[in-house]
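Presented below is the structure to which this report refers.
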Amino acid sequence: MPPSGAPRPRIAVAGNPNTGKTTLFNRLTGANARVGNYAGVTVEREESTWRIGGESVDVVDIPGTYSLAARSGEEQVAVRALFGLDGEARPQLVVLVVDSTQLVRNLYLAVQLAEAGLPFVIALNLIDVARKQGIAPDPAGVAAAFGVPVVATSAQTGEGIKELGAAVLAALANPPRPAVHPPYPAALEADIGRLLPYGAAASPAEARALALWTLLSVDHQDELLDVPPAVRTEVAAIRTAAEAAGRDLDLEVVSARYGWLAAHQFRPPVGAEAGPRTSERVDRVLLHPLWGSLTFLVVMGVLFQTLFAWSDPLVGLIEGALAATSELVAGTLPAGMLTDLLVDGVIAGVGSVVVFLPQILLLFLLLGFLEDSGYMARVAFLVDRLMRSVGLHGRAFVPMLSGYACAVPAIMATRTLERRRDRLLTMMVVPLMSCSARLPVYTLVIATVLATDERVFGLPARPVAMVAMYVFSTFMALVAAAVLGRTLLKGPRVPLLLELPPYRTPRVPTVLRQMWMRARSFLTEAGTTILVVTVILWGLLYFPRYEAPAGVTLTEEARSREQLAQSYGGALGRAIEPAIAPLGFDWKIGVGLVGSFAAREVFVSTMGLMYGIGSDLDETSVGLREHMQAARKPDGTPVWTPLTGAALMVFFALSAQCLSTLAVVRREARSWAWPTFLFGYMTVLAWGMSALVVVVGRWVGFT
Amino acid sequence: MPHTLATVPFGEPVVIERIAGERGFRRRLFELGFLPGSTVRVLAVAPMGDPLDVELGGCRFSLRRAEADSIAVTGLAALAAK
């Protein structure tokens, strides 16, 4: 035991995906995780503390992996974290979580750890499921083969957790020394020998293991980080020689390891296969061309409905609470700049952050159930064909669908994607999906420029225009994905190799904990950015202060309009007028565009102010509509023609006018470059498409 | 005619002969246990005709036809006749 005052022991939890590793991690450590990032990649690192009896142990969660061999920086995380390479702190002990129902495939990773001589303890997890299937392995047999302690556990029921704690403490005091030697052919041993001089490792076994890792991972098209050029040259020479000799290096290594595993009898022999497993039977329905598709539509329908409609009452509650707080503050404090800052800047800013919480919580609650039950993998399976046609991963479906409700939770949901390129591509196109904040703008504009009885192709024009906007935004998102995926985010074609894990009952505490962690990271990281920028935006519209000329008394509305018109934001709206005039927008619309950065629906209340009927109205206000219809340009023609309306809606559909979206992209991509690019390309696209609408519209005879 | 995993009937167990194709993907398949000599079955296909649902040792993976086509297989019956 370390004496008090000594640094806490550090252990890592590793294992294949779908082994219940996260559930086990949560069970060990409770809800006090610290979330960080691995250096150089956007892979999340969760770290926490495990209290074992009177001892405290730091635990870091290693992303799920089938093997240490890697092709990319993201996959490299496991080897870096386990061996303590490139600035990662080296754990004193590894807990390897193994799915007892998929023993051999899971122990493949154990062979790699044992070859390296890393001290580890095996948790034979899901032991209860394996027992039910009559395939439970014998812990003593596994322990004897690897030379490490083995504990049978069930993260679901809590079985074996205490024993695992005891085994970990014992192993920290007296580290196990695993020694496993798969029967590699002599030629391969010689190749390993050629790579040994390049690395500095803690032990001969570790040097060998790292040489093997290099041999299996490095080639001319990997995307690994920090591989010395000399090593690359040597590996290339070894591979060329092996190929010339007709050898298959990868097959030699992997089949020797599996050969070693096959030589051991880890569990009682099972009789003839007892017919299809439960999951296979369930999938005969859930992956069925008809019933599977129907189930899929229902599940996605519920998800969409939850985000789009069922989050409304919660949003209403939050808005009510904020309004009450504002009123209270405004009523208590004397009128003045400080009160305005508190009410319209800070409280409104906090509100613009908190208002996202219902959708984030609900989305991550549903995502948790989808992931933990195993259905998420089926979603990817069912839509892979469709998504692949525009270069997106099947798992990007849920974030894209969520984008119709709000881009902020949708962008956070891209975490279900493993590869950075897939994540970035999805993040760059999700904001094009027509979110619910654009709806009030469409409603106002359509009602202003189209009469109730107007018809197109015999159909009522207003609903047609609304549907057209949704079809248009979806189409543009898919086109953008196809274009970006072939240009800026071009990557090697990645074959699909997706595990369809057995269906399992999700564990509610695990789902709730993940949900809370997501919400917390949104509040602390993206939320602070959103708050600060909202206050800045408030300042832009508040300063400089408007003073009514002496002797002139203005109504409250008129004052607000004058204030807005001559504020910095108003000046900005006027300044951009030359740029937006070709689209048929006047400076009032320009001010509306500036103001809508806080949230798109703010456009409606800004228009209310600009047209002098106050900001306390919504998109269905008849008064606002009539004022807009009556508005004239200096030359006497109406401002709000159907053509201008169409151009404005297209602009809103395509532009990245949402600070919260940009803040969340910065948080998720861990860089300012991506939100900057997002803003740039969407603004250019929005302007270009609006201009196209105007040009084509005029050409066919609209004004 | 050599068979690939993309052409075998659903549910029929077949034995992997060899795997061609891109190196990283081959290595991944090997590491998951798709080794020459192991028995696999194609269970189903997604509603839109791709990808496939492949079972190996009680574990299931989804693979696209293009990649399944690079996995050469022999039927158990053909293997017994040899």
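Scheme for the structure tokens: letters A, B, ... for chains in order shown; per-chain residue numbers from 1; ligand numbers from 1 in order shown.
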Quick one: which chain B residues come within 12 Å of chain A, and what is the nearest atom pair for each with the distance in Å to one decimal, counting only C-alpha atoms, rows ordered by chain and ascending number, as a tab-separated table?
```
residue	atom	partner	partner_atom	distance
B:Gly11	CA	A:Pro276	CA	10.5
B:Arg18	CA	A:Leu251	CA	10.1
B:Ile19	CA	A:Leu251	CA	9.9
B:Ala20	CA	A:Asp248	CA	11.2
B:Gly21	CA	A:Pro495	CA	10.2
B:Glu22	CA	A:Pro495	CA	9.0
B:Arg23	CA	A:Asp250	CA	8.6
B:Gly24	CA	A:Arg71	CA	7.0
B:Phe25	CA	A:Pro495	CA	6.9
B:Arg26	CA	A:Asp250	CA	8.4
B:Arg27	CA	A:Asp250	CA	6.1
B:Arg28	CA	A:Ser67	CA	8.4
B:Leu29	CA	A:Leu497	CA	8.2
B:Phe30	CA	A:Val254	CA	6.4
B:Glu31	CA	A:Val254	CA	6.1
B:Leu32	CA	A:Arg105	CA	6.2
B:Gly33	CA	A:Arg105	CA	6.6
B:Phe34	CA	A:Ser255	CA	9.9
B:Leu35	CA	A:Ser255	CA	7.2
B:Pro36	CA	A:Ser255	CA	9.0
B:Gly37	CA	A:Ser255	CA	10.6
B:Ser38	CA	A:Ser255	CA	11.1
B:Arg41	CA	A:Pro276	CA	11.9
B:Val42	CA	A:Glu280	CA	11.8
B:Leu43	CA	A:Glu280	CA	8.5
B:Ala44	CA	A:Leu287	CA	7.9
B:Val45	CA	A:Leu287	CA	8.1
B:Ala46	CA	A:Leu382	CA	5.5
B:Pro47	CA	A:Pro289	CA	4.5
B:Met48	CA	A:Arg385	CA	6.5
B:Gly49	CA	A:Arg385	CA	7.8
B:Asp50	CA	A:Arg385	CA	5.9
B:Pro51	CA	A:Phe381	CA	6.8
B:Leu52	CA	A:Phe381	CA	8.4
B:Asp53	CA	A:Leu500	CA	8.1
B:Val54	CA	A:Leu500	CA	9.1
B:Glu55	CA	A:Leu500	CA	9.4
B:Leu56	CA	A:Arg105	CA	10.3
B:Gly57	CA	A:Gln102	CA	8.2
B:Gly58	CA	A:Gln102	CA	7.6
B:Cys59	CA	A:Gln102	CA	7.3
B:Arg60	CA	A:Leu500	CA	5.2
B:Phe61	CA	A:Glu499	CA	4.3
B:Ser62	CA	A:Leu498	CA	5.1
B:Leu63	CA	A:Leu497	CA	5.4
B:Arg64	CA	A:Leu496	CA	6.3
B:Arg65	CA	A:Leu496	CA	9.8
B:Ala66	CA	A:Pro495	CA	8.6
B:Glu67	CA	A:Pro495	CA	7.0
B:Ala68	CA	A:Pro495	CA	10.1
B:Ser70	CA	A:Pro495	CA	11.6
```
Using DSSP on the backbone, list every residue of stretch 487-609 of chain A that comes out as helix (DSSP H, G or I), and give them as a ChimeraX atom specification.
/A:508-542,556-566,568-575,577-583,587-595,602-609
Might you pull out every residue within 12 Å of A:Glu626, with only C-alpha atoms counted and same-chain residues fewer than 3 positions away left off, and present them as a PyMOL selection string?
chain A and resi 444-445+447-449+451+607-608+611-613+620-623+629-631+638+640
Expected file contents, prior selection, N, CA and C atoms, as an mmCIF file, in the first residue's frame:
```cif
data_model
loop_
_atom_site.group_PDB
_atom_site.id
_atom_site.type_symbol
_atom_site.label_atom_id
_atom_site.label_comp_id
_atom_site.auth_asym_id
_atom_site.auth_seq_id
_atom_site.Cartn_x
_atom_site.Cartn_y
_atom_site.Cartn_z
ATOM 1 N N LEU A 444 -43.592 33.709 -40.771
ATOM 2 C CA LEU A 444 -43.805 35.146 -40.929
ATOM 3 C C LEU A 444 -43.664 35.558 -42.396
ATOM 4 N N VAL A 445 -42.588 35.105 -43.026
ATOM 5 C CA VAL A 445 -42.316 35.546 -44.395
ATOM 6 C C VAL A 445 -43.386 35.020 -45.353
ATOM 7 N N ALA A 447 -46.456 34.140 -44.689
ATOM 8 C CA ALA A 447 -47.741 34.799 -44.468
ATOM 9 C C ALA A 447 -47.714 36.226 -44.992
ATOM 10 N N THR A 448 -46.517 36.847 -45.027
ATOM 11 C CA THR A 448 -46.416 38.221 -45.515
ATOM 12 C C THR A 448 -46.508 38.289 -47.031
ATOM 13 N N VAL A 449 -45.830 37.385 -47.713
ATOM 14 C CA VAL A 449 -45.734 37.528 -49.173
ATOM 15 C C VAL A 449 -46.745 36.697 -49.952
ATOM 16 N N ALA A 451 -50.754 35.322 -50.218
ATOM 17 C CA ALA A 451 -52.112 35.458 -49.707
ATOM 18 C C ALA A 451 -52.668 34.074 -49.378
ATOM 19 N N MET A 607 -38.076 42.441 -36.378
ATOM 20 C CA MET A 607 -38.945 43.041 -37.396
ATOM 21 C C MET A 607 -40.057 43.832 -36.716
ATOM 22 N N GLY A 608 -40.575 43.277 -35.624
ATOM 23 C CA GLY A 608 -41.612 43.966 -34.862
ATOM 24 C C GLY A 608 -41.133 45.348 -34.434
ATOM 25 N N TYR A 611 -40.534 47.720 -37.491
ATOM 26 C CA TYR A 611 -41.753 48.247 -38.088
ATOM 27 C C TYR A 611 -42.620 48.963 -37.064
ATOM 28 N N GLY A 612 -42.033 49.192 -35.871
ATOM 29 C CA GLY A 612 -42.644 50.100 -34.918
ATOM 30 C C GLY A 612 -43.871 49.578 -34.207
ATOM 31 N N ILE A 613 -44.014 48.268 -34.080
ATOM 32 C CA ILE A 613 -45.174 47.798 -33.329
ATOM 33 C C ILE A 613 -44.745 46.980 -32.125
ATOM 34 N N THR A 620 -47.253 35.059 -35.942
ATOM 35 C CA THR A 620 -48.607 35.044 -36.492
ATOM 36 C C THR A 620 -49.283 36.411 -36.357
ATOM 37 N N SER A 621 -48.535 37.395 -35.828
ATOM 38 C CA SER A 621 -49.110 38.725 -35.615
ATOM 39 C C SER A 621 -49.569 39.351 -36.936
ATOM 40 N N VAL A 622 -50.855 39.677 -37.007
ATOM 41 C CA VAL A 622 -51.400 40.245 -38.241
ATOM 42 C C VAL A 622 -50.887 41.661 -38.433
ATOM 43 N N GLY A 623 -50.749 42.385 -37.333
ATOM 44 C CA GLY A 623 -50.281 43.764 -37.401
ATOM 45 C C GLY A 623 -48.918 43.860 -38.052
ATOM 46 N N GLN A 629 -46.179 44.312 -45.280
ATOM 47 C CA GLN A 629 -46.727 44.369 -46.642
ATOM 48 C C GLN A 629 -46.801 45.801 -47.152
ATOM 49 N N ALA A 630 -46.989 46.745 -46.212
ATOM 50 C CA ALA A 630 -47.123 48.150 -46.620
ATOM 51 C C ALA A 630 -45.774 48.816 -46.867
ATOM 52 N N ALA A 631 -44.688 48.172 -46.404
ATOM 53 C CA ALA A 631 -43.369 48.799 -46.515
ATOM 54 C C ALA A 631 -42.988 49.000 -47.974
ATOM 55 N N PRO A 638 -42.958 47.705 -53.382
ATOM 56 C CA PRO A 638 -42.992 47.028 -52.083
ATOM 57 C C PRO A 638 -41.667 46.321 -51.769
ATOM 58 N N TRP A 640 -41.507 43.745 -49.528
ATOM 59 C CA TRP A 640 -41.800 42.323 -49.315
ATOM 60 C C TRP A 640 -42.578 41.732 -50.476
#
```
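Pairwise distance (atom CA of A:Thr443, atom CA of A:Pro460) equals 14.5 Å.
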One decimal, Å: what's the distance from atom CA of A:Val483 over to atom CA of A:Leu425, could you say?
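Interatomic distance here is 10.1 Å.
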